[in-house]
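Quick look at input.csv (CSV, C-alpha atoms):
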chain,number,residue,atom,x,y,z
Q,1,MET,CA,98.0,90.8,89.1
Q,2,LYS,CA,96.0,88.9,86.7
Q,3,ARG,CA,97.1,86.6,83.9
Q,4,SER,CA,97.1,89.4,81.3
Q,5,LEU,CA,99.8,91.3,83.1
Q,6,SER,CA,101.8,88.1,83.5
Q,7,LEU,CA,101.6,87.6,79.8
Q,8,VAL,CA,102.7,91.2,79.1
Q,9,CYS,CA,105.6,90.8,81.4
Q,10,MET,CA,106.6,87.4,79.9
Q,11,LEU,CA,106.3,88.7,76.3
Q,12,ALA,CA,108.3,91.8,77.2
Q,13,SER,CA,111.1,89.7,78.8
Q,14,THR,CA,111.1,87.4,75.9
Q,15,LEU,CA,111.4,90.2,73.4
Q,16,GLY,CA,114.3,91.6,75.5
Q,17,ALA,CA,116.1,88.3,75.4
Q,18,SER,CA,115.5,87.9,71.7
Q,19,ALA,CA,117.0,91.4,71.1
Q,20,LEU,CA,120.0,90.5,73.1
Q,21,ALA,CA,120.5,87.3,71.2
Q,22,GLN,CA,120.3,89.1,67.9
Q,23,ALA,CA,122.7,91.9,69.1
Q,24,SER,CA,125.2,89.4,70.4
Q,25,ALA,CA,125.2,87.1,67.3
Q,26,PRO,CA,128.3,87.5,65.2
Q,27,ALA,CA,127.7,89.2,61.9
Q,28,GLN,CA,128.2,87.1,58.8
Q,29,THR,CA,130.4,88.5,56.1
Q,30,ALA,CA,129.6,88.0,52.4
Q,31,ALA,CA,132.1,86.7,49.8
Q,32,GLU,CA,134.6,85.5,52.5
Q,33,PRO,CA,137.7,84.1,50.8
Q,34,PRO,CA,138.2,80.3,51.3
Q,35,SER,CA,140.8,79.2,53.8
Q,36,ALA,CA,144.1,78.0,52.6
Q,37,PRO,CA,144.6,74.2,52.5
Q,38,GLY,CA,145.9,72.9,55.8
Q,39,ALA,CA,145.1,76.2,57.7
Q,40,PRO,CA,143.4,75.9,61.1
Q,41,VAL,CA,139.7,76.6,60.9
Q,42,ALA,CA,138.5,79.2,63.4
Q,43,THR,CA,135.3,78.1,65.3
Q,44,ALA,CA,132.9,80.4,67.1
Q,45,PRO,CA,132.2,79.6,70.7
Q,46,ALA,CA,129.0,77.6,71.0
Q,47,GLY,CA,126.1,78.9,73.1
Q,48,PRO,CA,125.8,82.0,75.3
Q,49,THR,CA,128.9,83.0,77.3
Q,50,LYS,CA,127.2,85.2,80.0
Q,51,ILE,CA,123.7,84.5,81.3
Q,52,ALA,CA,121.5,86.6,83.6
Q,53,VAL,CA,118.2,85.9,85.3
Q,54,ILE,CA,115.5,88.4,86.3
Q,55,GLN,CA,112.2,88.2,88.1
Q,56,PHE,CA,110.6,90.5,85.5
Q,57,GLU,CA,107.1,90.8,86.9
Q,58,ALA,CA,108.4,91.5,90.4
Q,59,VAL,CA,110.8,94.1,89.0
Q,60,VAL,CA,107.9,96.0,87.3
Q,61,GLY,CA,106.0,96.2,90.6
Q,62,GLN,CA,109.1,97.2,92.6
Q,63,THR,CA,110.0,100.2,90.4
Q,64,ASN,CA,109.1,103.6,91.8
Q,65,GLU,CA,106.7,104.0,88.9
Q,66,GLY,CA,105.1,100.6,89.6
Q,67,GLN,CA,104.7,101.5,93.3
Q,68,ARG,CA,103.1,104.8,92.3
Q,69,VAL,CA,100.6,103.0,90.1
Q,70,PHE,CA,99.6,100.8,93.1
Q,71,ALA,CA,99.3,103.9,95.4
Q,72,GLU,CA,97.1,105.8,92.9
Q,73,LEU,CA,94.8,102.9,92.3
Q,74,ASN,CA,94.4,102.2,96.0
Q,75,THR,CA,93.4,105.9,96.5
Q,76,LYS,CA,91.0,105.7,93.6
Q,77,TYR,CA,89.3,102.5,94.7
Q,78,GLN,CA,89.2,103.2,98.4
Q,79,PRO,CA,85.7,104.7,98.4
Q,80,LYS,CA,84.5,101.5,96.6
Q,81,GLN,CA,86.2,99.4,99.2
Q,82,GLN,CA,84.5,101.3,102.0
Q,83,GLN,CA,81.1,100.8,100.3
Q,84,ILE,CA,81.7,97.1,99.9
Q,85,LYS,CA,82.7,96.8,103.6
Q,86,ALA,CA,79.5,98.7,104.7
Q,87,SER,CA,77.4,96.3,102.6
Q,88,SER,CA,79.2,93.3,104.0
Q,89,ASP,CA,78.6,94.5,107.6
Q,90,GLU,CA,74.9,95.0,106.7
Q,91,VAL,CA,74.7,91.4,105.5
Q,92,ASP,CA,76.4,90.1,108.6
Q,93,THR,CA,73.9,92.0,110.8
Q,94,LEU,CA,70.9,90.7,108.9
Q,95,LYS,CA,72.2,87.1,109.3
Q,96,LYS,CA,72.7,87.5,113.0
Q,97,ASP,CA,69.3,89.1,113.5
Q,98,LEU,CA,67.6,86.3,111.6
Q,99,GLN,CA,69.4,83.7,113.6
Q,100,THR,CA,68.6,85.4,116.9
Q,101,ALA,CA,64.9,85.8,116.1
Q,102,GLY,CA,64.6,82.1,115.4
Q,103,ASP,CA,61.2,80.6,116.1
Q,104,LYS,CA,59.8,84.0,117.2
Q,105,LEU,CA,59.2,84.9,113.6
Q,106,SER,CA,56.2,83.9,111.6
Q,107,ASP,CA,56.7,81.9,108.5
Q,108,THR,CA,55.8,85.0,106.4
Q,109,GLU,CA,58.3,87.2,108.3
Q,110,ARG,CA,61.1,84.6,108.1
Q,111,ALA,CA,60.5,84.2,104.4
Q,112,SER,CA,60.6,87.9,103.9
Q,113,ARG,CA,63.8,88.4,105.8
Q,114,THR,CA,65.4,85.5,104.1
Q,115,ARG,CA,64.5,86.9,100.7
Q,116,THR,CA,65.9,90.3,101.6
Q,117,LEU,CA,69.2,88.7,102.9
Q,118,ASP,CA,69.6,86.7,99.7
Q,119,GLU,CA,69.1,89.7,97.5
Q,120,LYS,CA,71.7,91.7,99.5
Q,121,GLU,CA,74.2,88.9,99.4
Q,122,LYS,CA,73.9,88.6,95.6
Q,123,SER,CA,74.2,92.4,95.2
Q,124,LEU,CA,77.3,92.3,97.4
Q,125,GLN,CA,78.9,89.5,95.4
Q,126,ARG,CA,78.2,91.4,92.1
Q,127,ASN,CA,79.8,94.6,93.6
Q,128,VAL,CA,82.9,92.7,94.8
Q,129,GLU,CA,83.3,91.0,91.4
Q,130,ASP,CA,82.8,94.3,89.5
Q,131,ALA,CA,85.3,96.1,91.7
Q,132,ARG,CA,87.9,93.3,91.3
Q,133,ASN,CA,87.5,93.3,87.6
Q,134,ASP,CA,87.7,97.1,87.2
Q,135,PHE,CA,90.7,97.3,89.5
Q,136,GLY,CA,92.5,94.4,87.8
Q,137,SER,CA,91.8,95.7,84.3
Q,138,GLU,CA,93.1,99.2,85.1
Q,139,MET,CA,96.1,97.9,86.9
Q,140,ASN,CA,97.1,95.6,84.1
Q,141,GLU,CA,96.8,98.4,81.6
Q,142,LYS,CA,99.0,100.8,83.6
Q,143,LEU,CA,101.6,98.2,84.6
Q,144,GLY,CA,101.7,96.8,81.1
Q,145,ALA,CA,102.9,100.2,79.9
Q,146,VAL,CA,105.5,100.2,82.7
Q,147,ALA,CA,106.6,96.7,81.7
Q,148,GLN,CA,107.3,97.7,78.1
Q,149,LYS,CA,109.7,100.4,79.4
Q,150,VAL,CA,111.3,98.1,81.9
Q,151,ALA,CA,112.0,95.7,79.1
Q,152,GLY,CA,113.9,98.4,77.2
Q,153,VAL,CA,116.0,99.3,80.3
Q,154,MET,CA,116.7,95.6,81.0
Q,155,THR,CA,117.9,95.0,77.4
Q,156,LYS,CA,120.2,98.1,77.6
Q,157,TYR,CA,121.6,97.1,81.0
Q,158,ALA,CA,122.3,93.5,79.7
Q,159,GLN,CA,124.0,94.7,76.6
Q,160,GLN,CA,126.2,97.2,78.5
Q,161,ASN,CA,127.3,94.5,80.9
Q,162,GLY,CA,128.1,91.9,78.3
Q,163,TYR,CA,125.2,89.5,78.9
Q,164,THR,CA,124.2,87.4,75.9
Q,165,LEU,CA,121.0,85.9,77.3
Q,166,VAL,CA,118.5,87.0,80.0
Q,167,LEU,CA,116.1,84.4,81.4
Q,168,ASP,CA,112.9,85.2,83.3
Q,169,ALA,CA,113.0,83.6,86.8
Q,170,GLY,CA,109.2,83.7,87.0
Q,171,SER,CA,107.0,84.8,89.9
Q,172,GLN,CA,104.5,83.4,92.4
Q,173,GLN,CA,102.0,82.9,89.6
Q,174,GLN,CA,104.3,82.0,86.8
Q,175,GLN,CA,106.6,79.0,87.4
Q,176,SER,CA,110.0,79.3,85.9
Q,177,PRO,CA,111.8,76.4,84.1
Q,178,ILE,CA,115.0,77.5,85.8
Q,179,LEU,CA,115.9,74.9,88.5
Q,180,TRP,CA,118.8,76.8,90.0
Q,181,ALA,CA,120.9,79.9,89.4
Q,182,ALA,CA,123.7,81.6,91.3
Q,183,GLU,CA,122.6,84.8,93.0
Q,184,SER,CA,125.4,86.6,91.2
Q,185,THR,CA,123.4,86.2,87.9
Q,186,ASN,CA,120.3,87.9,89.3
Q,187,ILE,CA,120.1,91.4,87.7
Q,188,SER,CA,116.6,92.2,89.1
Q,189,GLU,CA,117.7,94.8,91.7
Q,190,ALA,CA,120.1,96.4,89.2
Q,191,VAL,CA,117.4,96.8,86.6
Q,192,VAL,CA,115.1,98.3,89.2
Q,193,GLN,CA,117.7,100.9,90.1
Q,194,ALA,CA,118.5,101.6,86.5
Q,195,TYR,CA,114.9,102.1,85.7
Q,196,ASN,CA,114.3,104.4,88.7
Q,197,GLN,CA,117.2,106.5,87.7
Q,198,GLN,CA,116.0,106.8,84.1
Q,199,SER,CA,112.3,107.4,84.9
Q,200,GLY,CA,113.0,110.1,87.5
Q,201,VAL,CA,110.0,108.9,89.5
Q,202,PRO,CA,110.7,109.4,93.3
Q,203,PRO,CA,110.0,106.6,95.7
Q,204,GLN,CA,106.6,106.4,97.4
Q,205,PRO,CA,106.1,107.2,101.1
Q,206,THR,CA,106.6,104.3,103.5
Q,207,ALA,CA,103.0,104.4,104.6
Q,208,THR,CA,101.1,103.0,101.6
Q,209,GLY,CA,97.7,102.7,103.3
Q,210,ALA,CA,95.3,99.8,102.5
Q,211,PRO,CA,96.6,96.6,100.9
Q,212,ARG,CA,96.5,96.5,97.1
Q,213,PRO,CA,93.5,94.4,96.0
Q,214,GLY,CA,94.1,92.1,93.1
Q,215,SER,CA,97.9,92.6,93.3
Q,216,THR,CA,100.2,89.6,92.5
Q,217,THR,CA,103.5,91.3,92.4
Q,218,THR,CA,105.6,91.1,95.6
Q,219,ARG,CA,107.2,94.0,97.4
Q,220,THR,CA,109.9,91.9,98.8
Q,221,PRO,CA,113.3,92.0,97.0
Q,222,ALA,CA,113.5,89.8,93.9
Q,223,ARG,CA,115.3,86.6,94.6
Q,224,THR,CA,116.9,83.9,92.5
Q,225,PRO,CA,114.6,80.9,92.5
Q,226,ALA,CA,115.5,78.0,94.7
Q,227,PRO,CA,116.0,74.6,93.2
Q,228,ARG,CA,112.9,72.5,92.8
Q,229,THR,CA,113.1,69.1,94.4
Q,230,GLN,CA,111.3,66.0,93.2
Q,231,HIS,CA,109.5,63.9,95.8
Let me see whether you can do it: turn the structure in this file into structure tokens.
Amino acid sequence: MKRSLSLVCMLASTLGASALAQASAPAQTAAEPPSAPGAPVATAPAGPTKIAVIQFEAVVGQTNEGQRVFAELNTKYQPKQQQIKASSDEVDTLKKDLQTAGDKLSDTERASRTRTLDEKEKSLQRNVEDARNDFGSEMNEKLGAVAQKVAGVMTKYAQQNGYTLVLDAGSQQQQSPILWAAESTNISEAVVQAYNQQSGVPPQPTATGAPRPGSTTTRTPARTPAPRTQH
């Protein structure tokens, strides 16, 4: 996924954590009577008492709905992929023919073939870039909508299970400030299951066809990040 999806996921996760912090903060009462002299003063516990981590971007891509988005986009862009492959094969053939002909070509013929090859290479590069941008833009838009709903499910799950803070463990593209966390604090898989149950979207068939171009989320189970060591 491109940076825009990463930002959507990061913002959604941050909003969820902020909502949890507000929900778990003790309400302040107005006009509280002063304590009697000598009475022990009650102090609220400092800091969060139960913390969870989540690989939010990976969770979005691992939900059944996220997998469906990938499958639908792969199907939609498959003709474009085939067209690009055909153009790439044509360019390769022209290069080989030009190399094979070598000194047998006149200067005029060699210049003409070289010019044709250059034009086709530039056209291929433009088509590849356009396809990548179109695919990425549509994927970010669709997965951004899923990310907003996943954030709501994450917040609800955390509140129901007594978590007072949820931290994003990052992804391959987004480095997390978390140096280490116990696997027991990782709620990624639980949130995926909760979202799938709420959305009602069935899992995708095992055979997903061609690889997802432009994808940055992983299909492997979300893992708690390993400690980063300094060299």
(request) Identify, on the basis of all atoms listed in the file, every residue whose closest approach to region 60-72 of chain Q does not exceed 7 Å; exclude the query and any residue fewer than 2 positions from it along the same chain; express the result as an MDAnalysis selection string. (result) chainID Q and resid 56:58 74:76 143 146:147 150 192 196 201:204 208 212 217 219
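The space between CA of Leu165 (chain Q) and CA of Thr49 (chain Q) spans 8.4 Å.
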(request) Take CA of Gln148 (chain Q) and CA of Tyr195 (chain Q) and report the distance between them in Å, one decimal. (result) 11.6 Å
(message) So the first atom is CA of Glu119 (chain Q) and the second is CA of Gly136 (chain Q); what is the distance between them in Å, to one decimal place?
(response) 25.8 Å
(message) From the options Q:Asp103, Q:Glu189, Q:Asp97, Q:Glu138, which residue's atoms come nearest to Val59 (chain Q), counting all atoms listed in the file?
(response) Q:Glu189
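Restricting the calculation to all atoms listed in the file, the smallest distance between Ala158 (chain Q) and any of Q:Val191, Q:Leu179, Q:Val128, Q:Ala111 is found for Q:Val191.
The shortest atom-to-atom distance to Glu90 (chain Q), with only C-alpha atoms taken into account, belongs to Q:Ser123 out of Q:Ala145, Q:Ser123, Q:Tyr163, Q:Ala52.
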(message) Need to verify the contact set: Gln83 (chain Q), 10 Å, all atoms listed in the file, exclusion of same-chain residues closer than 4 positions in sequence. Can you return it as a ChimeraX atom specification?
(response) /Q:78-79,87-89,124,127-128
Missing atoms in region 184-197 of chain Q: fill them in up to N, CA and C atoms and send the result as an mmCIF file, in the frame of the given file.
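In the end it all went to selection.cif:
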data_model
loop_
_atom_site.group_PDB
_atom_site.id
_atom_site.type_symbol
_atom_site.label_atom_id
_atom_site.label_comp_id
_atom_site.auth_asym_id
_atom_site.auth_seq_id
_atom_site.Cartn_x
_atom_site.Cartn_y
_atom_site.Cartn_z
ATOM 1 N N SER Q 184 124.599 85.654 91.906
ATOM 2 C CA SER Q 184 125.400 86.600 91.200
ATOM 3 C C SER Q 184 124.840 86.892 89.762
ATOM 4 N N THR Q 185 124.006 85.974 89.261
ATOM 5 C CA THR Q 185 123.400 86.200 87.900
ATOM 6 C C THR Q 185 122.147 86.952 87.934
ATOM 7 N N ASN Q 186 121.622 87.233 89.131
ATOM 8 C CA ASN Q 186 120.300 87.900 89.300
ATOM 9 C C ASN Q 186 120.491 89.417 89.079
ATOM 10 N N ILE Q 187 119.922 89.956 88.004
ATOM 11 C CA ILE Q 187 120.100 91.400 87.700
ATOM 12 C C ILE Q 187 118.785 92.160 88.069
ATOM 13 N N SER Q 188 117.871 91.541 88.816
ATOM 14 C CA SER Q 188 116.600 92.200 89.100
ATOM 15 C C SER Q 188 116.768 93.519 89.821
ATOM 16 N N GLU Q 189 117.519 93.532 90.902
ATOM 17 C CA GLU Q 189 117.700 94.800 91.700
ATOM 18 C C GLU Q 189 118.415 95.825 90.851
ATOM 19 N N ALA Q 190 119.401 95.404 90.069
ATOM 20 C CA ALA Q 190 120.100 96.400 89.200
ATOM 21 C C ALA Q 190 119.235 97.013 88.204
ATOM 22 N N VAL Q 191 118.319 96.237 87.617
ATOM 23 C CA VAL Q 191 117.400 96.800 86.600
ATOM 24 C C VAL Q 191 116.402 97.733 87.291
ATOM 25 N N VAL Q 192 115.950 97.401 88.504
ATOM 26 C CA VAL Q 192 115.100 98.300 89.200
ATOM 27 C C VAL Q 192 115.739 99.656 89.450
ATOM 28 N N GLN Q 193 116.982 99.623 89.895
ATOM 29 C CA GLN Q 193 117.700 100.900 90.100
ATOM 30 C C GLN Q 193 117.955 101.648 88.859
ATOM 31 N N ALA Q 194 118.299 100.940 87.788
ATOM 32 C CA ALA Q 194 118.500 101.600 86.500
ATOM 33 C C ALA Q 194 117.250 102.252 85.992
ATOM 34 N N TYR Q 195 116.129 101.565 86.160
ATOM 35 C CA TYR Q 195 114.900 102.100 85.700
ATOM 36 C C TYR Q 195 114.449 103.328 86.520
ATOM 37 N N ASN Q 196 114.612 103.242 87.845
ATOM 38 C CA ASN Q 196 114.300 104.400 88.700
ATOM 39 C C ASN Q 196 115.080 105.612 88.344
ATOM 40 N N GLN Q 197 116.363 105.389 88.046
ATOM 41 C CA GLN Q 197 117.200 106.500 87.700
ATOM 42 C C GLN Q 197 116.793 107.124 86.353
#
